[in-house]
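Shown next: target09.cif, containing mmCIF, C-alpha atoms.
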data_start
#
loop_
_atom_site.group_PDB
_atom_site.id
_atom_site.type_symbol
_atom_site.label_atom_id
_atom_site.label_comp_id
_atom_site.auth_asym_id
_atom_site.auth_seq_id
_atom_site.Cartn_x
_atom_site.Cartn_y
_atom_site.Cartn_z
ATOM 1 C CA MET A 1 0.000 0.000 0.000
ATOM 2 C CA THR A 2 1.359 3.460 -0.853
ATOM 3 C CA ASP A 3 1.044 6.455 1.410
ATOM 4 C CA ALA A 4 -1.462 7.924 -1.058
ATOM 5 C CA PHE A 5 -3.994 5.415 0.336
ATOM 6 C CA HIS A 6 -3.108 5.814 3.993
ATOM 7 C CA PRO A 7 -6.389 5.636 5.977
ATOM 8 C CA GLN A 8 -5.622 8.965 7.675
ATOM 9 C CA ARG A 9 -4.343 10.718 4.549
ATOM 10 C CA THR A 10 -7.226 13.208 4.273
ATOM 11 C CA ARG A 11 -6.902 14.212 7.904
ATOM 12 C CA ALA A 12 -3.135 14.476 7.499
ATOM 13 C CA LEU A 13 -3.589 16.876 4.583
ATOM 14 C CA LEU A 14 -5.959 19.070 6.611
ATOM 15 C CA MET A 15 -3.657 19.108 9.637
ATOM 16 C CA LEU A 16 -0.681 20.106 7.487
ATOM 17 C CA VAL A 17 -2.703 22.906 5.901
ATOM 18 C CA LEU A 18 -3.433 24.140 9.440
ATOM 19 C CA ALA A 19 0.291 23.981 10.179
ATOM 20 C CA THR A 20 0.976 26.149 7.128
ATOM 21 C CA ALA A 21 -1.516 28.725 8.440
ATOM 22 C CA PHE A 22 0.421 28.849 11.700
ATOM 23 C CA TRP A 23 3.706 29.262 9.817
ATOM 24 C CA GLY A 24 2.145 31.890 7.567
ATOM 25 C CA LEU A 25 1.391 33.958 10.658
ATOM 26 C CA SER A 26 5.058 33.789 11.645
ATOM 27 C CA PHE A 27 6.260 35.916 8.705
ATOM 28 C CA PRO A 28 4.632 39.245 9.685
ATOM 29 C CA VAL A 29 5.180 38.470 13.369
ATOM 30 C CA ILE A 30 8.921 37.871 12.920
ATOM 31 C CA LYS A 31 9.193 40.964 10.732
ATOM 32 C CA THR A 32 7.537 42.967 13.516
ATOM 33 C CA ILE A 33 9.945 41.595 16.141
ATOM 34 C CA LEU A 34 12.925 42.476 13.931
ATOM 35 C CA LEU A 35 11.630 46.044 13.605
ATOM 36 C CA LEU A 36 11.127 46.143 17.357
ATOM 37 C CA HIS A 37 14.754 45.076 17.770
ATOM 38 C CA ASP A 38 15.845 48.034 15.638
ATOM 39 C CA GLN A 39 14.022 50.240 18.110
ATOM 40 C CA LEU A 40 15.238 48.462 21.246
ATOM 41 C CA LEU A 41 18.761 47.465 20.196
ATOM 42 C CA GLY A 42 19.729 49.690 17.279
ATOM 43 C CA GLU A 43 19.973 48.792 13.603
ATOM 44 C CA SER A 44 23.653 47.782 13.749
ATOM 45 C CA ALA A 45 23.132 44.522 15.664
ATOM 46 C CA THR A 46 21.659 42.587 12.714
ATOM 47 C CA TRP A 47 22.947 39.066 13.442
ATOM 48 C CA PHE A 48 22.230 39.383 17.148
ATOM 49 C CA SER A 49 18.742 40.608 16.231
ATOM 50 C CA THR A 50 18.282 37.499 14.097
ATOM 51 C CA PHE A 51 19.474 35.098 16.792
ATOM 52 C CA TYR A 52 17.433 36.838 19.485
ATOM 53 C CA THR A 53 14.259 36.641 17.419
ATOM 54 C CA ILE A 54 14.543 32.846 17.418
ATOM 55 C CA ALA A 55 16.343 31.831 20.613
ATOM 56 C CA PRO A 56 13.614 32.765 23.142
ATOM 57 C CA ARG A 57 10.839 31.046 21.166
ATOM 58 C CA PHE A 58 12.651 27.697 21.059
ATOM 59 C CA LEU A 59 13.736 27.851 24.692
ATOM 60 C CA LEU A 60 10.125 28.492 25.733
ATOM 61 C CA ALA A 61 8.856 25.877 23.261
ATOM 62 C CA THR A 62 11.235 23.269 24.721
ATOM 63 C CA ALA A 63 9.924 24.052 28.208
ATOM 64 C CA ILE A 64 6.298 23.745 27.053
ATOM 65 C CA ILE A 65 6.877 20.330 25.455
ATOM 66 C CA ALA A 66 8.794 19.127 28.537
ATOM 67 C CA ILE A 67 5.910 20.166 30.797
ATOM 68 C CA TRP A 68 3.437 18.551 28.376
ATOM 69 C CA LEU A 69 5.297 15.234 28.609
ATOM 70 C CA GLY A 70 5.408 15.387 32.403
ATOM 71 C CA ARG A 71 7.885 13.481 34.546
ATOM 72 C CA GLY A 72 8.831 11.168 31.710
ATOM 73 C CA PHE A 73 10.003 13.958 29.392
ATOM 74 C CA TRP A 74 13.598 12.697 29.553
ATOM 75 C CA ARG A 75 12.652 9.182 28.357
ATOM 76 C CA VAL A 76 13.705 9.619 24.757
ATOM 77 C CA THR A 77 14.807 6.692 22.601
ATOM 78 C CA ALA A 78 18.058 6.579 20.635
ATOM 79 C CA GLY A 79 16.092 6.870 17.398
ATOM 80 C CA GLU A 80 14.230 9.954 18.635
ATOM 81 C CA ARG A 81 17.503 11.544 19.729
ATOM 82 C CA LYS A 82 19.152 10.857 16.372
ATOM 83 C CA GLN A 83 16.252 12.064 14.247
ATOM 84 C CA GLY A 84 15.576 15.063 16.490
ATOM 85 C CA LEU A 85 19.244 16.097 16.462
ATOM 86 C CA ILE A 86 19.577 16.010 12.675
ATOM 87 C CA MET A 87 16.187 17.638 12.060
ATOM 88 C CA GLY A 88 17.057 20.278 14.653
ATOM 89 C CA LEU A 89 20.305 21.098 12.844
ATOM 90 C CA PHE A 90 18.550 21.406 9.483
ATOM 91 C CA ALA A 91 15.712 23.458 10.965
ATOM 92 C CA ALA A 92 18.120 25.744 12.857
ATOM 93 C CA ALA A 93 20.094 26.557 9.716
ATOM 94 C CA GLY A 94 16.908 27.163 7.748
ATOM 95 C CA MET A 95 15.366 29.313 10.447
ATOM 96 C CA LEU A 96 18.539 31.387 10.826
ATOM 97 C CA PHE A 97 18.816 32.313 7.146
ATOM 98 C CA GLN A 98 15.065 32.789 6.745
ATOM 99 C CA SER A 99 14.862 35.167 9.712
ATOM 100 C CA ASP A 100 17.919 37.157 8.681
ATOM 101 C CA GLY A 101 16.585 37.357 5.130
ATOM 102 C CA LEU A 102 13.379 38.912 6.439
ATOM 103 C CA GLN A 103 15.394 42.010 7.326
ATOM 104 C CA TYR A 104 16.061 42.556 3.622
ATOM 105 C CA THR A 105 12.867 41.463 1.870
ATOM 106 C CA GLU A 106 9.110 41.594 2.358
ATOM 107 C CA ALA A 107 7.313 38.994 4.454
ATOM 108 C CA SER A 108 5.136 37.859 1.523
ATOM 109 C CA THR A 109 8.161 37.407 -0.782
ATOM 110 C CA SER A 110 10.009 35.459 1.901
ATOM 111 C CA ALA A 111 6.986 33.222 2.431
ATOM 112 C CA PHE A 112 6.828 32.238 -1.235
ATOM 113 C CA LEU A 113 10.585 31.896 -1.823
ATOM 114 C CA THR A 114 10.860 29.530 1.138
ATOM 115 C CA GLN A 115 8.948 26.997 -0.954
ATOM 116 C CA LEU A 116 11.949 26.277 -3.215
ATOM 117 C CA TYR A 117 12.141 22.873 -1.529
ATOM 118 C CA ALA A 118 9.101 21.879 -3.603
ATOM 119 C CA ILE A 119 11.559 21.682 -6.504
ATOM 120 C CA LEU A 120 14.503 20.330 -4.563
ATOM 121 C CA ILE A 121 12.661 17.363 -3.038
ATOM 122 C CA PRO A 122 11.661 15.618 -6.302
ATOM 123 C CA VAL A 123 15.050 16.395 -7.863
ATOM 124 C CA TRP A 124 16.863 14.930 -4.850
ATOM 125 C CA LEU A 125 14.659 11.836 -4.731
ATOM 126 C CA ALA A 126 15.125 11.286 -8.458
ATOM 127 C CA LEU A 127 18.906 11.502 -8.147
ATOM 128 C CA ARG A 128 18.949 9.206 -5.122
ATOM 129 C CA ALA A 129 16.718 6.561 -6.688
ATOM 130 C CA ARG A 130 18.183 7.021 -10.189
ATOM 131 C CA ARG A 131 14.740 7.243 -11.714
ATOM 132 C CA ASN A 132 12.426 9.802 -13.234
ATOM 133 C CA PRO A 133 9.744 10.986 -10.757
ATOM 134 C CA GLY A 134 7.284 11.545 -13.602
ATOM 135 C CA ALA A 135 6.042 14.297 -15.879
ATOM 136 C CA ARG A 136 3.573 15.654 -13.324
ATOM 137 C CA VAL A 137 6.265 16.232 -10.713
ATOM 138 C CA TRP A 138 8.567 17.916 -13.232
ATOM 139 C CA LEU A 139 5.746 20.130 -14.473
ATOM 140 C CA CYS A 140 4.901 21.194 -10.931
ATOM 141 C CA SER A 141 8.571 21.790 -10.216
ATOM 142 C CA ALA A 142 8.887 23.967 -13.322
ATOM 143 C CA LEU A 143 5.874 26.007 -12.226
ATOM 144 C CA VAL A 144 7.402 26.529 -8.783
ATOM 145 C CA LEU A 145 10.765 27.504 -10.287
ATOM 146 C CA THR A 146 9.089 30.071 -12.541
ATOM 147 C CA GLY A 147 7.075 31.412 -9.628
ATOM 148 C CA VAL A 148 10.220 31.778 -7.525
ATOM 149 C CA ALA A 149 11.978 33.697 -10.303
ATOM 150 C CA ILE A 150 9.037 36.089 -10.709
ATOM 151 C CA LEU A 151 8.575 36.626 -6.992
ATOM 152 C CA GLY A 152 12.260 37.289 -6.411
ATOM 153 C CA ARG A 153 12.338 39.698 -9.383
ATOM 154 C CA PHE A 154 15.291 37.728 -10.699
ATOM 155 C CA ASN A 155 17.510 39.820 -12.981
ATOM 156 C CA TRP A 156 18.250 37.466 -15.886
ATOM 157 C CA ARG A 157 20.890 39.820 -17.362
ATOM 158 C CA GLU A 158 22.892 40.133 -14.176
ATOM 159 C CA LEU A 159 21.821 36.792 -12.619
ATOM 160 C CA HIS A 160 21.139 38.642 -9.412
ATOM 161 C CA LEU A 161 18.825 38.374 -6.418
ATOM 162 C CA GLY A 162 19.058 40.513 -3.296
ATOM 163 C CA ARG A 163 20.531 39.328 0.021
ATOM 164 C CA GLY A 164 17.116 38.677 1.499
ATOM 165 C CA GLU A 165 16.071 36.534 -1.472
ATOM 166 C CA TRP A 166 19.307 34.514 -1.560
ATOM 167 C CA GLU A 167 19.209 33.877 2.190
ATOM 168 C CA THR A 168 15.584 32.728 1.943
ATOM 169 C CA LEU A 169 16.409 30.328 -0.900
ATOM 170 C CA LEU A 170 19.340 28.940 1.095
ATOM 171 C CA ALA A 171 17.005 28.468 4.051
ATOM 172 C CA SER A 172 14.732 26.419 1.827
ATOM 173 C CA VAL A 173 17.580 23.973 1.100
ATOM 174 C CA PHE A 174 17.895 23.246 4.815
ATOM 175 C CA PHE A 175 14.120 22.956 5.234
ATOM 176 C CA MET A 176 14.204 20.306 2.502
ATOM 177 C CA GLY A 177 16.636 18.286 4.609
ATOM 178 C CA GLN A 178 14.309 18.598 7.592
ATOM 179 C CA ILE A 179 11.336 17.309 5.555
ATOM 180 C CA LEU A 180 13.288 14.366 4.128
ATOM 181 C CA TRP A 181 14.595 13.291 7.536
ATOM 182 C CA LEU A 182 11.117 13.374 9.008
ATOM 183 C CA GLU A 183 9.840 10.760 6.546
ATOM 184 C CA LYS A 184 12.701 8.234 6.912
ATOM 185 C CA LYS A 185 11.258 4.767 7.472
ATOM 186 C CA GLU A 186 13.853 3.848 10.107
ATOM 187 C CA PHE A 187 12.231 6.412 12.420
ATOM 188 C CA ALA A 188 8.632 5.318 11.859
ATOM 189 C CA ALA A 189 8.260 4.243 15.508
ATOM 190 C CA ASN A 190 9.435 7.584 16.905
ATOM 191 C CA ARG A 191 6.895 9.491 19.001
ATOM 192 C CA PRO A 192 6.009 13.005 17.757
ATOM 193 C CA LEU A 193 6.224 14.790 21.117
ATOM 194 C CA GLN A 194 9.584 13.299 22.086
ATOM 195 C CA LEU A 195 10.939 13.990 18.605
ATOM 196 C CA THR A 196 9.713 17.581 18.788
ATOM 197 C CA LEU A 197 11.284 18.020 22.239
ATOM 198 C CA VAL A 198 14.739 16.992 20.984
ATOM 199 C CA MET A 199 14.364 19.101 17.853
ATOM 200 C CA PHE A 200 13.414 22.208 19.845
ATOM 201 C CA ALA A 201 16.172 21.667 22.411
ATOM 202 C CA VAL A 202 18.807 21.463 19.658
ATOM 203 C CA GLN A 203 17.577 24.704 18.104
ATOM 204 C CA ALA A 204 17.335 26.464 21.463
ATOM 205 C CA LEU A 205 20.960 25.550 22.248
ATOM 206 C CA ILE A 206 22.242 26.689 18.843
ATOM 207 C CA PHE A 207 20.406 29.993 18.862
ATOM 208 C CA TRP A 208 21.275 30.872 22.450
ATOM 209 C CA VAL A 209 24.962 30.199 21.784
ATOM 210 C CA GLY A 210 24.669 32.410 18.702
ATOM 211 C CA ALA A 211 22.850 35.129 20.642
ATOM 212 C CA LEU A 212 25.444 35.166 23.436
ATOM 213 C CA ALA A 213 28.297 35.209 20.911
ATOM 214 C CA THR A 214 26.877 38.133 18.930
ATOM 215 C CA ALA A 215 25.351 40.202 21.764
ATOM 216 C CA PRO A 216 26.882 43.706 21.751
ATOM 217 C CA ASN A 217 26.473 43.921 25.528
ATOM 218 C CA VAL A 218 24.550 42.461 28.473
ATOM 219 C CA THR A 219 21.885 45.167 28.203
ATOM 220 C CA ALA A 220 20.941 43.896 24.746
ATOM 221 C CA LEU A 221 20.071 40.509 26.255
ATOM 222 C CA ILE A 222 17.829 42.077 28.895
ATOM 223 C CA ALA A 223 16.157 45.008 27.126
ATOM 224 C CA PRO A 224 13.626 43.081 24.952
ATOM 225 C CA TRP A 225 12.158 41.315 27.998
ATOM 226 C CA SER A 226 10.940 44.663 29.331
ATOM 227 C CA SER A 227 8.858 45.293 26.202
ATOM 228 C CA GLY A 228 5.218 44.166 26.397
ATOM 229 C CA PRO A 229 4.748 43.892 22.604
ATOM 230 C CA TRP A 230 7.991 41.892 22.287
ATOM 231 C CA LEU A 231 6.867 39.463 24.981
ATOM 232 C CA GLY A 232 3.423 39.093 23.416
ATOM 233 C CA LEU A 233 4.762 38.478 19.916
ATOM 234 C CA THR A 234 7.338 36.005 21.234
ATOM 235 C CA LEU A 235 4.573 34.054 22.972
ATOM 236 C CA VAL A 236 2.554 33.946 19.720
ATOM 237 C CA LEU A 237 5.628 32.656 17.878
ATOM 238 C CA THR A 238 6.221 30.074 20.588
ATOM 239 C CA VAL A 239 2.735 28.669 21.156
ATOM 240 C CA VAL A 240 1.165 28.959 17.701
ATOM 241 C CA CYS A 241 3.957 29.103 15.129
ATOM 242 C CA THR A 242 6.391 26.785 16.898
ATOM 243 C CA VAL A 243 4.752 24.281 19.263
ATOM 244 C CA GLY A 244 1.488 24.095 17.326
ATOM 245 C CA ALA A 245 2.924 24.043 13.803
ATOM 246 C CA TYR A 246 5.821 21.651 14.409
ATOM 247 C CA TYR A 247 3.740 19.232 16.441
ATOM 248 C CA LEU A 248 1.251 19.021 13.569
ATOM 249 C CA MET A 249 4.083 18.583 11.075
ATOM 250 C CA ASN A 250 5.914 15.882 13.042
ATOM 251 C CA THR A 251 2.665 14.009 13.715
ATOM 252 C CA TRP A 252 1.004 14.080 10.298
ATOM 253 C CA GLN A 253 3.689 14.494 7.625
ATOM 254 C CA PRO A 254 4.928 10.876 7.920
ATOM 255 C CA LYS A 255 1.491 9.711 6.714
ATOM 256 C CA ILE A 256 2.057 11.197 3.234
ATOM 257 C CA THR A 257 5.027 11.426 0.837
ATOM 258 C CA ALA A 258 7.855 13.952 1.109
ATOM 259 C CA ILE A 259 7.135 15.389 -2.345
ATOM 260 C CA GLU A 260 3.446 15.727 -1.527
ATOM 261 C CA ALA A 261 4.240 17.339 1.826
ATOM 262 C CA GLY A 262 6.643 19.788 0.210
ATOM 263 C CA LEU A 263 3.998 20.935 -2.220
ATOM 264 C CA ILE A 264 1.276 21.102 0.445
ATOM 265 C CA TYR A 265 3.540 23.451 2.354
ATOM 266 C CA CYS A 266 3.326 25.783 -0.660
ATOM 267 C CA VAL A 267 -0.010 26.878 0.837
ATOM 268 C CA GLU A 268 1.993 28.545 3.628
ATOM 269 C CA PRO A 269 2.868 31.711 1.656
ATOM 270 C CA ILE A 270 -0.780 32.255 0.749
ATOM 271 C CA PHE A 271 -1.594 32.555 4.451
ATOM 272 C CA GLY A 272 1.536 34.622 5.031
ATOM 273 C CA THR A 273 0.715 36.992 2.177
ATOM 274 C CA VAL A 274 -2.897 37.546 3.198
ATOM 275 C CA MET A 275 -1.800 38.250 6.758
ATOM 276 C CA ALA A 276 0.884 40.663 5.509
ATOM 277 C CA TRP A 277 -1.873 42.682 3.789
ATOM 278 C CA TYR A 278 -3.576 43.679 7.032
ATOM 279 C CA LEU A 279 -1.609 42.558 10.130
ATOM 280 C CA PRO A 280 1.420 44.930 9.891
ATOM 281 C CA ALA A 281 -0.640 48.083 10.440
ATOM 282 C CA LEU A 282 -2.397 46.519 13.428
ATOM 283 C CA LEU A 283 0.881 45.287 14.888
ATOM 284 C CA SER A 284 2.472 48.692 14.274
ATOM 285 C CA VAL A 285 -0.119 50.397 16.443
ATOM 286 C CA TRP A 286 0.407 47.892 19.238
ATOM 287 C CA ALA A 287 4.218 47.834 19.025
ATOM 288 C CA ALA A 288 4.652 51.553 18.208
ATOM 289 C CA ILE A 289 6.725 50.848 15.078
ATOM 290 C CA ASN A 290 6.430 51.742 11.393
ATOM 291 C CA TYR A 291 5.506 48.546 9.548
ATOM 292 C CA PRO A 292 2.988 49.353 6.782
ATOM 293 C CA ASN A 293 0.705 46.758 5.256
ATOM 294 C CA GLU A 294 2.153 45.130 2.148
ATOM 295 C CA ASN A 295 0.547 45.711 -1.233
ATOM 296 C CA ALA A 296 -0.657 43.169 -3.758
ATOM 297 C CA THR A 297 1.611 43.320 -6.828
ATOM 298 C CA TRP A 298 1.565 41.559 -10.198
ATOM 299 C CA THR A 299 4.719 39.621 -9.242
ATOM 300 C CA LEU A 300 3.032 38.397 -6.082
ATOM 301 C CA PHE A 301 -0.103 37.270 -7.895
ATOM 302 C CA ILE A 302 1.643 35.619 -10.842
ATOM 303 C CA GLY A 303 4.585 34.121 -8.963
ATOM 304 C CA GLY A 304 2.483 33.021 -6.025
ATOM 305 C CA GLY A 305 -0.239 31.776 -8.385
ATOM 306 C CA LEU A 306 2.181 29.485 -10.242
ATOM 307 C CA ILE A 307 3.382 27.977 -6.967
ATOM 308 C CA THR A 308 -0.203 27.438 -5.840
ATOM 309 C CA VAL A 309 -1.178 25.787 -9.147
ATOM 310 C CA ALA A 310 1.751 23.384 -8.715
ATOM 311 C CA ASN A 311 0.464 22.445 -5.268
ATOM 312 C CA ILE A 312 -3.028 21.734 -6.617
ATOM 313 C CA LEU A 313 -1.810 19.697 -9.591
ATOM 314 C CA ILE A 314 0.270 17.331 -7.476
ATOM 315 C CA GLN A 315 -2.789 16.457 -5.365
ATOM 316 C CA PHE A 316 -4.588 14.882 -8.330
ATOM 317 C CA LYS A 317 -2.170 11.991 -8.226
ATOM 318 C CA PRO A 318 0.221 12.012 -5.263
ATOM 319 C CA PRO A 319 3.623 10.423 -6.007
ATOM 320 C CA GLU A 320 4.627 7.290 -4.157
ATOM 321 C CA LYS A 321 7.117 7.405 -1.341
ATOM 322 C CA THR A 322 10.509 6.010 -2.293
#

For the file at hand, write its structure as structure tokens.
Amino acid sequence: MTDAFHPQRTRALLMLVLATAFWGLSFPVIKTILLLHDQLLGESATWFSTFYTIAPRFLLATAIIAIWLGRGFWRVTAGERKQGLIMGLFAAAGMLFQSDGLQYTEASTSAFLTQLYAILIPVWLALRARRNPGARVWLCSALVLTGVAILGRFNWRELHLGRGEWETLLASVFFMGQILWLEKKEFAANRPLQLTLVMFAVQALIFWVGALATAPNVTALIAPWSSGPWLGLTLVLTVVCTVGAYYLMNTWQPKITAIEAGLIYCVEPIFGTVMAWYLPALLSVWAAINYPNENATWTLFIGGGLITVANILIQFKPPEKT
């Protein structure tokens, strides 16, 4: 039986769509926190700002999962430790470049460009298995590639994208590794909560080391915690966009194929874009910053539309897991 006929496939699809909505929310929220950091820390501390946007959310998320598991939170199998460690490393690298890239590009553009892994997954699986994944997968991949080029306003004469776009595309490479490691058959018996705990703990450690290494002074580590908007946004990132989204992903993605999951996640930028049309102004009032609502552009509609069409097409006949 292929994963396309898994008895819980329909529910898995719906749960992953919900996860993408949670991740979509993270784009304008992270952008708001970065702008708050400019106000609280100064615009010169860019890498520290990036690390300190992520480190608190994963430390708090690790604590939440540990409390959720109760006294037995430390009972993690060797397989859960191995998978959680590797997924945590991939996710940390992806999150770092994605968050830093958000300082140099719009939230909606970042949301769509992150979906490059929809191309990378079928290409990687084809190379690994030494077989052709099929015309439908290649067509969908071509649509995503075209959409990425349009969204990133790729300069074909100079072969140039901006720093924010390149960092977001690099982040997508690492997110691909995270998706592929989640579906490995050798880890089929791993429990989602324990896996998520290890994954979060790895990221928390990496980002806190990075934050301490790049902090301009001790005051920079303390100042954000005195800001009500910063605390509120960090809690939203932690509870909704981190604990909620990753738990759904780690629980339901293994019930479908990696290629299918990668293309389902292309729904994420639709949520992120819609939220970026109206949330920034509301968040600006609350956080006392200048973050205007983003505008709908032809590049957003065409580029994002091509990526969305690719996601729909692949659902007509999901590819088999290798």

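The coordinates place CA of Phe174 (chain A) at 17.2 Å from CA of Thr196 (chain A).
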
Would you kindly return, as a VMD selection string, each protein, DNA or RNA residue with an atom no farther than 8 Å from any atom of region 277-288 of chain A, considering all atoms listed in the file and excluding same-chain residues fewer than 6 positions away?
chain A and resid 28 32 36 229 to 230 294 to 296

Quick check on the file I pasted: which residues fall under the PyMOL selection byres ((chain A and resi 176-180) around 10)? Write them as a ChimeraX atom specification.
/A:83-84,86-92,94,114-121,124-125,171-175,181-184,249-250,253-254,257-259,261-262

With C-alpha atoms retained, export the selected residues as a short mmCIF file (atom, residue, chain, number, x, y, z; two decimals), keeping the file's coordinate frame.
data_model
loop_
_atom_site.label_atom_id
_atom_site.label_comp_id
_atom_site.auth_asym_id
_atom_site.auth_seq_id
_atom_site.Cartn_x
_atom_site.Cartn_y
_atom_site.Cartn_z
CA GLN A 83 16.25 12.06 14.25
CA GLY A 84 15.58 15.06 16.49
CA ILE A 86 19.58 16.01 12.68
CA MET A 87 16.19 17.64 12.06
CA GLY A 88 17.06 20.28 14.65
CA LEU A 89 20.30 21.10 12.84
CA PHE A 90 18.55 21.41 9.48
CA ALA A 91 15.71 23.46 10.96
CA ALA A 92 18.12 25.74 12.86
CA GLY A 94 16.91 27.16 7.75
CA THR A 114 10.86 29.53 1.14
CA GLN A 115 8.95 27.00 -0.95
CA LEU A 116 11.95 26.28 -3.22
CA TYR A 117 12.14 22.87 -1.53
CA ALA A 118 9.10 21.88 -3.60
CA ILE A 119 11.56 21.68 -6.50
CA LEU A 120 14.50 20.33 -4.56
CA ILE A 121 12.66 17.36 -3.04
CA TRP A 124 16.86 14.93 -4.85
CA LEU A 125 14.66 11.84 -4.73
CA ALA A 171 17.00 28.47 4.05
CA SER A 172 14.73 26.42 1.83
CA VAL A 173 17.58 23.97 1.10
CA PHE A 174 17.90 23.25 4.82
CA PHE A 175 14.12 22.96 5.23
CA TRP A 181 14.60 13.29 7.54
CA LEU A 182 11.12 13.37 9.01
CA GLU A 183 9.84 10.76 6.55
CA LYS A 184 12.70 8.23 6.91
CA MET A 249 4.08 18.58 11.08
CA ASN A 250 5.91 15.88 13.04
CA GLN A 253 3.69 14.49 7.62
CA PRO A 254 4.93 10.88 7.92
CA THR A 257 5.03 11.43 0.84
CA ALA A 258 7.86 13.95 1.11
CA ILE A 259 7.14 15.39 -2.35
CA ALA A 261 4.24 17.34 1.83
CA GLY A 262 6.64 19.79 0.21
#

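With distances restricted to all atoms listed in the file, A:Tyr246 is the closest residue to Leu16 (chain A) from A:Tyr246, A:Phe51, A:Phe187, A:Phe58.
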
Hey, which of A:Leu231, A:Leu139, A:Leu35, A:Val144 ends up closest to Arg57 (chain A)? Count all atoms listed in the file.
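Answer, going by the shortest atom-to-atom distance: A:Leu231.
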
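The shortest atom-to-atom distance to Val198 (chain A), with all atoms listed in the file taken into account, belongs to A:Leu85 out of A:Leu85, A:Leu18, A:Leu60, A:Ala78.
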
Residue by residue, what does the PyMOL selection byres ((chain A and resi 67-70) around 12) grab here? Present the result as an MDAnalysis selection string.
chainID A and resid 60:66 71:76 191:197 243 247

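Between CA of Thr105 (chain A) and CA of Ala55 (chain A) the separation is 21.4 Å.
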
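CA of Leu40 (chain A) is found 26.1 Å from CA of Gly162 (chain A).
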
I'd like the neighbourhood of Trp166 (chain A) as a ChimeraX atom specification, where a residue qualifies if any of its atoms comes within 10 Å (using all atoms listed in the file), though same-chain residues fewer than 2 positions away should be ignored.
/A:97-98,101,110,113,152,160-164,168-172
